[in-house]
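Please read the structure below before turning to the comments.
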Amino acid sequence: MTVFLITLAIIVLALAGAPVFALIGGGAMLLFHSSGIDSSAVIVEMLRLASLPALIAIPLFTFAGYILAESKAPQRMLEVAESMFGFMPGGLAAVALLVTALFTAFTGASGVTIIALGGLLYPMLEKQGYPDKFSLGLITTSGSLGLLFPPSLPIILYALIAKINLDGLFKAAMLPGIILLALLAAYAFFTARKAEVKSVPFSWARLKTSLRNAAWELPLPFIIIGGIYDGWFTASEAASVMAFYVLITEVFIYKDLSLSRDIPRVAVKSMLLVGAIFMVMGTALGFTNYLIDAEIPTLIFDWLHSFVSSKAIFLMLLNFFLLIINMIEIFSAILIVVPIIVPIAAQYGIEPVHLGVIFLVNLEIGYMLPPLGLNLFLASSRFNKPLPQLYKATLPFLLIIAAVLMLITYTDALILH
């Protein structure tokens with residue numbers, strides 16, 4: 001009952017605007033104290049966090065992503081993709097899906113994608129004749145499509161908190177991500193045919209120019225993603241490679257950013273996010289360790305198992321629960337909920353990696369799920385559109401992602417291939 005009341009108080013205060021790390025840390029210290037354990041146990045967990053080998057990937061990937069977002073890389077990537085695929089029916093929409101997915105994966109931020117690329121893509125889609133409802137839905141949805149692709153920040157956080165192999169989770173999430181993009185691209189194709197959208201004429205000259213302009217940035221996805229999958233380097237090493245490569249490319253080759261003026265500003269901006277994540281991670285580890293020591297997951301499983309003995313029904317309830325949690329507070333959901341649900345799911349025979357991909361797809365939906373999905377508020381602010389209009393615009397995309405969620409939930413062979 002004490003745990004329940006403290007957890008409820010944390011949720012209520014968080015919704016009221018209190019700092020999440022302070023609430024979680026205070027709750028953890030109070031719980032340890034009530035059990036007669038020195039509250040320094042929370043600080044010990046923060047020190048243990050600093051010793052995790054994969055932790056360095058978070059600041060390095062975040063720093064590199066912010067450099068890309070501040071440079072003109074999004075425009076160059078979009079120009080290449082449009083010159084290559086724009087002549088196809090629905091080509092521009094497919095380009096938008098691909099570029100935004102890659103951009104979200106590398107920047108780790110849905111909001112950056114909507115704000116940075118949305119302003120470029122939305123008028124382009126309208127100019128080609130795509131329905132306004134479709135264009136709004138695509139931009140709003142695409143902000144979170146990259147969460148299943150390395151080096152996505154939520155994947156790294158999930159692997160760290162669930163204590164599973166990061167490279168393995170990267171590989172497991174790739175195929176579902178490709179399937180999701182393919183289905184959304186097919187929907188874009190049929191929408192373009194129905195709306196009689198005119199294609200962009202193919203031009204070899206334009207393609208050569210765009211490839212030449214982005215010649216230093218195009219290899220980046222192949223170096224990072226290919227390097228992880230082929231075993232050239234680990235995810236942490238890939239973060240170092242990406243940060244160094246992006247810094248050299250954008251500062252010294254393209255000269256989009258100044259080393260003395262822009263890089264310090266970008267470093268501070270990116271590390272503010274990293275610092276906030278680390279503060280929440282450290283306190284959340286202390287909080288969840290108390291829950292595990294108190295055998296809370298076992299108690300929840302025993303209670304749940306008395307009502308739900310079927311793995312299929314448990315997975316259905318799990319998805320419903322994750323959608324609600326991920327819609328409210330995303331990073332806290334990873335840091336607090338994951339250590340609790342991993343042992344419970346294991347009791348039902350669900351592999352941690354399979355559970356991780358299910359969690360990430362739920363996270364994608366949570367970003368755009370009415371009424372509190374973050375992407376909805378960002379798109380409403382960016383394009384000056386009322387939220388009810390965005391609810392309708394995102395519905396077809398939401399249904400497609402939900403169908404993929406059901407597919408991967410009940411087909412673990414697709415994940416554990």
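Ordered as shown in the structure tokens, chains take letters A, B, and onward, while each chain numbers its residues from 1 and ligands are numbered from 1 in the order shown.
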Contact table range 315-410 of chain A vs range 177-196 of chain A, cut-off 8 Å, shortest pair per residue, only C-alpha atoms, as a Markdown table:
| residue | atom | partner | partner_atom | distance |
| --- | --- | --- | --- | --- |
| A:Phe397 | CA | A:Leu184 | CA | 7.2 |
| A:Ile400 | CA | A:Leu184 | CA | 7.2 |
| A:Ile401 | CA | A:Leu180 | CA | 6.7 |
| A:Val404 | CA | A:Leu180 | CA | 6.5 |
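The closest residue to Tyr66 in chain A, picked from A:Ser270, A:Asn165, A:Thr113, A:Ser199 and counting only C-alpha atoms, is A:Ser270.
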A:Pro339, A:Gly91, A:Gly137, A:Pro150: which is nearest Gln389 in chain A, counting only C-alpha atoms? A:Gly137
Go through A:Ser260, A:Ser83, A:Thr100, A:Ser240 one by one, measure the shortest atom-to-atom distance of each to Leu55 in chain A using only C-alpha atoms, and give the residue with the smallest value.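 Ranking A:Ser260, A:Ser83, A:Thr100, A:Ser240 by distance to Leu55 in chain A, first place goes to A:Ser240.
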My list of candidates is A:Phe321, A:Ser152, A:Ile139, A:Ile365. Which is closest to Leu120 in chain A when distances are computed with only C-alpha atoms? A:Ile139
Which is closest to Ala81 in chain A among A:Phe244, A:Phe383, A:Phe314, A:Phe202, if we use only C-alpha atoms?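 Answer, going by the shortest atom-to-atom distance: A:Phe202.
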Neighbours of Val95 in chain A within 10 Å (only C-alpha atoms; same-chain residues fewer than 5 positions away dropped), as a PyMOL selection string? chain A and resi 77-86+90+100-101+121+185
Can you check which residues of range 100-286 of chain A DSSP gives as helix (DSSP H, G or I) on the backbone and send them as JSON, numbers by chain? {"A": [100, 101, 102, 103, 104, 105, 106, 107, 110, 111, 112, 113, 114, 115, 116, 117, 118, 119, 120, 121, 122, 123, 124, 125, 126, 127, 128, 132, 133, 134, 135, 136, 137, 138, 139, 140, 141, 142, 145, 146, 147, 148, 153, 154, 155, 156, 157, 158, 159, 160, 161, 162, 166, 167, 168, 169, 170, 171, 172, 173, 174, 175, 176, 177, 178, 179, 180, 181, 182, 183, 184, 185, 186, 187, 188, 189, 190, 191, 192, 193, 194, 195, 204, 205, 206, 207, 208, 209, 210, 211, 212, 213, 219, 220, 221, 222, 223, 224, 225, 226, 227, 228, 229, 235, 236, 237, 238, 239, 240, 241, 242, 243, 244, 245, 246, 247, 248, 249, 250, 251, 252, 253, 262, 263, 264, 265, 266, 267, 268, 269, 270, 271, 272, 273, 274, 275, 276, 277, 278, 279, 280, 281, 282, 283, 284, 285, 286]}
Export of the given selection (C-alpha atoms) as a short mmCIF file (atom, residue, chain, number, x, y, z; two decimals), in the first residue's frame:
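Produced file out_10.cif, reproduced below:
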data_model
loop_
_atom_site.label_atom_id
_atom_site.label_comp_id
_atom_site.auth_asym_id
_atom_site.auth_seq_id
_atom_site.Cartn_x
_atom_site.Cartn_y
_atom_site.Cartn_z
CA THR A 100 12.26 11.54 -41.25
CA ALA A 101 12.82 8.00 -39.95
CA LEU A 102 16.57 8.31 -40.47
CA PHE A 103 16.62 11.81 -39.01
CA THR A 104 14.71 10.73 -35.89
CA ALA A 105 17.00 7.72 -35.46
CA PHE A 106 20.11 9.90 -35.58
CA THR A 107 18.83 12.87 -33.59
CA SER A 110 10.69 13.27 -32.45
CA GLY A 111 10.16 16.98 -31.87
CA VAL A 112 13.32 17.98 -33.72
CA THR A 113 12.16 16.00 -36.75
CA ILE A 114 8.71 17.59 -36.87
CA ILE A 115 10.04 21.11 -36.39
CA ALA A 116 13.17 20.84 -38.57
CA LEU A 117 11.86 18.69 -41.44
CA GLY A 118 8.14 19.36 -41.15
CA GLY A 119 8.61 22.94 -42.27
CA LEU A 120 10.33 21.66 -45.42
CA LEU A 121 8.14 18.66 -46.22
CA TYR A 122 4.65 20.02 -45.53
CA PRO A 123 4.69 22.73 -48.25
CA MET A 124 6.37 20.31 -50.67
CA LEU A 125 3.61 17.73 -50.18
CA GLU A 126 0.92 20.39 -50.58
CA LYS A 127 2.57 21.76 -53.71
CA GLN A 128 2.51 18.31 -55.34
CA ASP A 132 -3.94 18.33 -46.61
CA LYS A 133 -5.26 15.69 -44.21
CA PHE A 134 -2.75 13.13 -45.52
CA SER A 135 0.16 15.58 -45.39
CA LEU A 136 -0.58 16.58 -41.80
CA GLY A 137 -0.97 12.96 -40.74
CA LEU A 138 2.27 11.91 -42.41
CA ILE A 139 4.39 14.70 -40.88
CA THR A 140 2.87 14.19 -37.43
CA THR A 141 3.41 10.43 -37.59
CA SER A 142 6.84 10.46 -39.16
CA LEU A 145 9.18 6.43 -37.07
CA GLY A 146 12.92 6.28 -36.47
CA LEU A 147 12.63 4.85 -32.95
CA LEU A 148 13.13 1.31 -34.26
CA LEU A 153 18.02 6.85 -28.02
CA PRO A 154 14.99 4.91 -26.64
CA ILE A 155 16.57 1.64 -27.85
CA ILE A 156 19.77 2.47 -25.95
CA LEU A 157 17.85 3.41 -22.81
CA TYR A 158 15.70 0.27 -22.95
CA ALA A 159 18.75 -2.00 -23.37
CA LEU A 160 20.54 -0.33 -20.45
CA ILE A 161 17.55 -0.50 -18.10
CA ALA A 162 16.47 -4.03 -19.12
CA LEU A 166 22.28 -3.36 -27.08
CA ASP A 167 23.59 -4.64 -30.42
CA GLY A 168 21.08 -7.52 -30.28
CA LEU A 169 18.17 -5.14 -29.68
CA PHE A 170 19.33 -2.92 -32.56
CA LYS A 171 19.25 -5.94 -34.88
CA ALA A 172 15.89 -7.24 -33.59
CA ALA A 173 14.14 -3.90 -34.10
CA MET A 174 15.36 -3.36 -37.67
CA LEU A 175 13.02 -5.76 -39.54
CA PRO A 176 9.81 -4.53 -37.84
CA GLY A 177 10.93 -0.97 -38.62
CA ILE A 178 11.38 -1.82 -42.30
CA ILE A 179 7.98 -3.55 -42.45
CA LEU A 180 6.34 -0.50 -40.87
CA LEU A 181 7.95 1.89 -43.37
CA ALA A 182 6.97 -0.38 -46.28
CA LEU A 183 3.29 -0.46 -45.23
CA LEU A 184 3.18 3.30 -44.74
CA ALA A 185 4.86 3.80 -48.13
CA ALA A 186 2.20 1.53 -49.71
CA TYR A 187 -0.51 3.69 -48.13
CA ALA A 188 1.21 6.77 -49.54
CA PHE A 189 1.26 5.16 -53.00
CA PHE A 190 -2.48 4.47 -52.99
CA THR A 191 -3.23 7.96 -51.63
CA ALA A 192 -1.16 9.53 -54.40
CA ARG A 193 -2.93 7.46 -57.06
CA LYS A 194 -6.36 8.32 -55.68
CA ALA A 195 -5.58 12.04 -55.43
CA TRP A 204 19.97 12.94 -64.10
CA ALA A 205 21.48 16.39 -63.73
CA ARG A 206 19.51 17.07 -60.53
CA LEU A 207 20.39 13.63 -59.15
CA LYS A 208 24.11 14.14 -59.80
CA THR A 209 24.03 17.59 -58.21
CA SER A 210 22.20 16.38 -55.09
CA LEU A 211 24.51 13.38 -54.71
CA ARG A 212 27.54 15.61 -55.05
CA ASN A 213 26.16 18.08 -52.49
CA PRO A 219 27.74 7.24 -46.18
CA LEU A 220 26.80 7.99 -42.55
CA PRO A 221 23.80 5.59 -42.21
CA PHE A 222 25.76 2.81 -43.93
CA ILE A 223 28.82 3.36 -41.74
CA ILE A 224 26.90 3.46 -38.45
CA ILE A 225 24.10 0.94 -39.10
CA GLY A 226 26.23 -1.33 -41.30
CA GLY A 227 29.12 -1.16 -38.84
CA ILE A 228 26.93 -2.29 -35.94
CA TYR A 229 25.25 -5.08 -37.91
CA ALA A 235 27.12 0.58 -30.42
CA SER A 236 29.32 2.60 -28.04
CA GLU A 237 32.16 2.67 -30.54
CA ALA A 238 29.67 3.61 -33.27
CA ALA A 239 28.66 6.62 -31.19
CA SER A 240 32.28 7.83 -31.12
CA VAL A 241 32.65 7.29 -34.86
CA MET A 242 29.43 9.16 -35.62
CA ALA A 243 30.23 12.12 -33.34
CA PHE A 244 33.70 12.54 -34.86
CA TYR A 245 32.49 12.05 -38.45
CA VAL A 246 29.59 14.50 -38.11
CA LEU A 247 31.75 17.13 -36.40
CA ILE A 248 34.40 17.02 -39.14
CA THR A 249 31.81 16.95 -41.94
CA GLU A 250 29.56 19.79 -40.81
CA VAL A 251 32.28 22.09 -39.43
CA PHE A 252 35.29 21.62 -41.71
CA ILE A 253 33.87 20.24 -44.97
CA ASP A 262 28.13 27.14 -32.97
CA ILE A 263 29.68 23.95 -31.58
CA PRO A 264 29.86 25.15 -27.94
CA ARG A 265 26.20 26.23 -28.19
CA VAL A 266 25.17 22.89 -29.68
CA ALA A 267 27.21 21.01 -27.06
CA VAL A 268 25.52 22.85 -24.20
CA LYS A 269 22.07 22.39 -25.75
CA SER A 270 22.54 18.65 -26.31
CA MET A 271 24.13 18.02 -22.92
CA LEU A 272 21.22 19.70 -21.13
CA LEU A 273 19.04 16.93 -22.54
CA VAL A 274 21.61 14.26 -21.66
CA GLY A 275 21.97 15.62 -18.13
CA ALA A 276 18.21 15.53 -17.62
CA ILE A 277 18.09 11.92 -18.87
CA PHE A 278 20.96 10.87 -16.59
CA MET A 279 19.35 12.49 -13.56
CA VAL A 280 16.13 10.60 -14.17
CA MET A 281 18.02 7.37 -14.94
CA GLY A 282 20.04 7.52 -11.71
CA THR A 283 17.06 8.13 -9.46
CA ALA A 284 14.87 5.68 -11.40
CA LEU A 285 17.41 2.88 -10.90
CA GLY A 286 17.26 3.46 -7.15
#
For Leu30 in chain A, find every residue with an atom within 12 Å (counting only C-alpha atoms), except residues of its own chain fewer than 3 positions away, and show them as a list in words. Thr2, Val3, Leu5, Ile6, Thr7, Ile10, Ala22, Leu23, Ile24, Gly25, Gly26, Gly27, His33, Ser34, Ser35, Gly36, Ile37, Asp38, Ser39, Ser40, Ala41, Val42, Gly286, Phe287 and Tyr290 of chain A
Interface rows for range 298-323 of chain A against range 346-360 of chain A: nearest pair, Å to one decimal, 10 Å, only C-alpha atoms, as a tab-separated table:
residue	atom	partner	partner_atom	distance
A:Thr298	CA	A:Gln347	CA	9.2
A:Phe301	CA	A:Gln347	CA	7.8
A:Asp302	CA	A:Gln347	CA	10.0
A:His305	CA	A:Tyr348	CA	9.2
A:Ser309	CA	A:Tyr348	CA	8.3
A:Ser310	CA	A:Tyr348	CA	8.0
A:Lys311	CA	A:Tyr348	CA	5.7
A:Ala312	CA	A:Tyr348	CA	9.3
A:Phe314	CA	A:Tyr348	CA	8.0
A:Leu315	CA	A:Ile350	CA	9.1
A:Leu318	CA	A:Phe359	CA	9.2
A:Asn319	CA	A:Ile358	CA	7.8
A:Leu322	CA	A:Phe359	CA	7.0
A:Leu323	CA	A:Phe359	CA	8.8
Using C-alpha atoms, can you export the residues from the last selection as a PDB file, in the first residue's frame?
ATOM      1  CA  THR A 298       6.461 -11.019  -8.216  1.00  0.00           C
ATOM      2  CA  PHE A 301       2.535 -11.324 -11.342  1.00  0.00           C
ATOM      3  CA  ASP A 302       0.897 -13.447  -8.642  1.00  0.00           C
ATOM      4  CA  HIS A 305      -1.833 -14.591 -12.902  1.00  0.00           C
ATOM      5  CA  SER A 309      -3.189 -17.217 -17.327  1.00  0.00           C
ATOM      6  CA  SER A 310      -3.032 -16.845 -21.132  1.00  0.00           C
ATOM      7  CA  LYS A 311       0.070 -15.352 -22.719  1.00  0.00           C
ATOM      8  CA  ALA A 312      -2.027 -13.904 -25.565  1.00  0.00           C
ATOM      9  CA  PHE A 314      -1.439 -10.829 -21.127  1.00  0.00           C
ATOM     10  CA  LEU A 315       0.168  -9.376 -24.262  1.00  0.00           C
ATOM     11  CA  LEU A 318       0.385  -5.191 -21.744  1.00  0.00           C
ATOM     12  CA  ASN A 319      -0.061  -3.259 -24.984  1.00  0.00           C
ATOM     13  CA  LEU A 322       2.090   0.588 -22.407  1.00  0.00           C
ATOM     14  CA  LEU A 323       0.073   2.831 -24.717  1.00  0.00           C
TER      15      LEU A 323
END
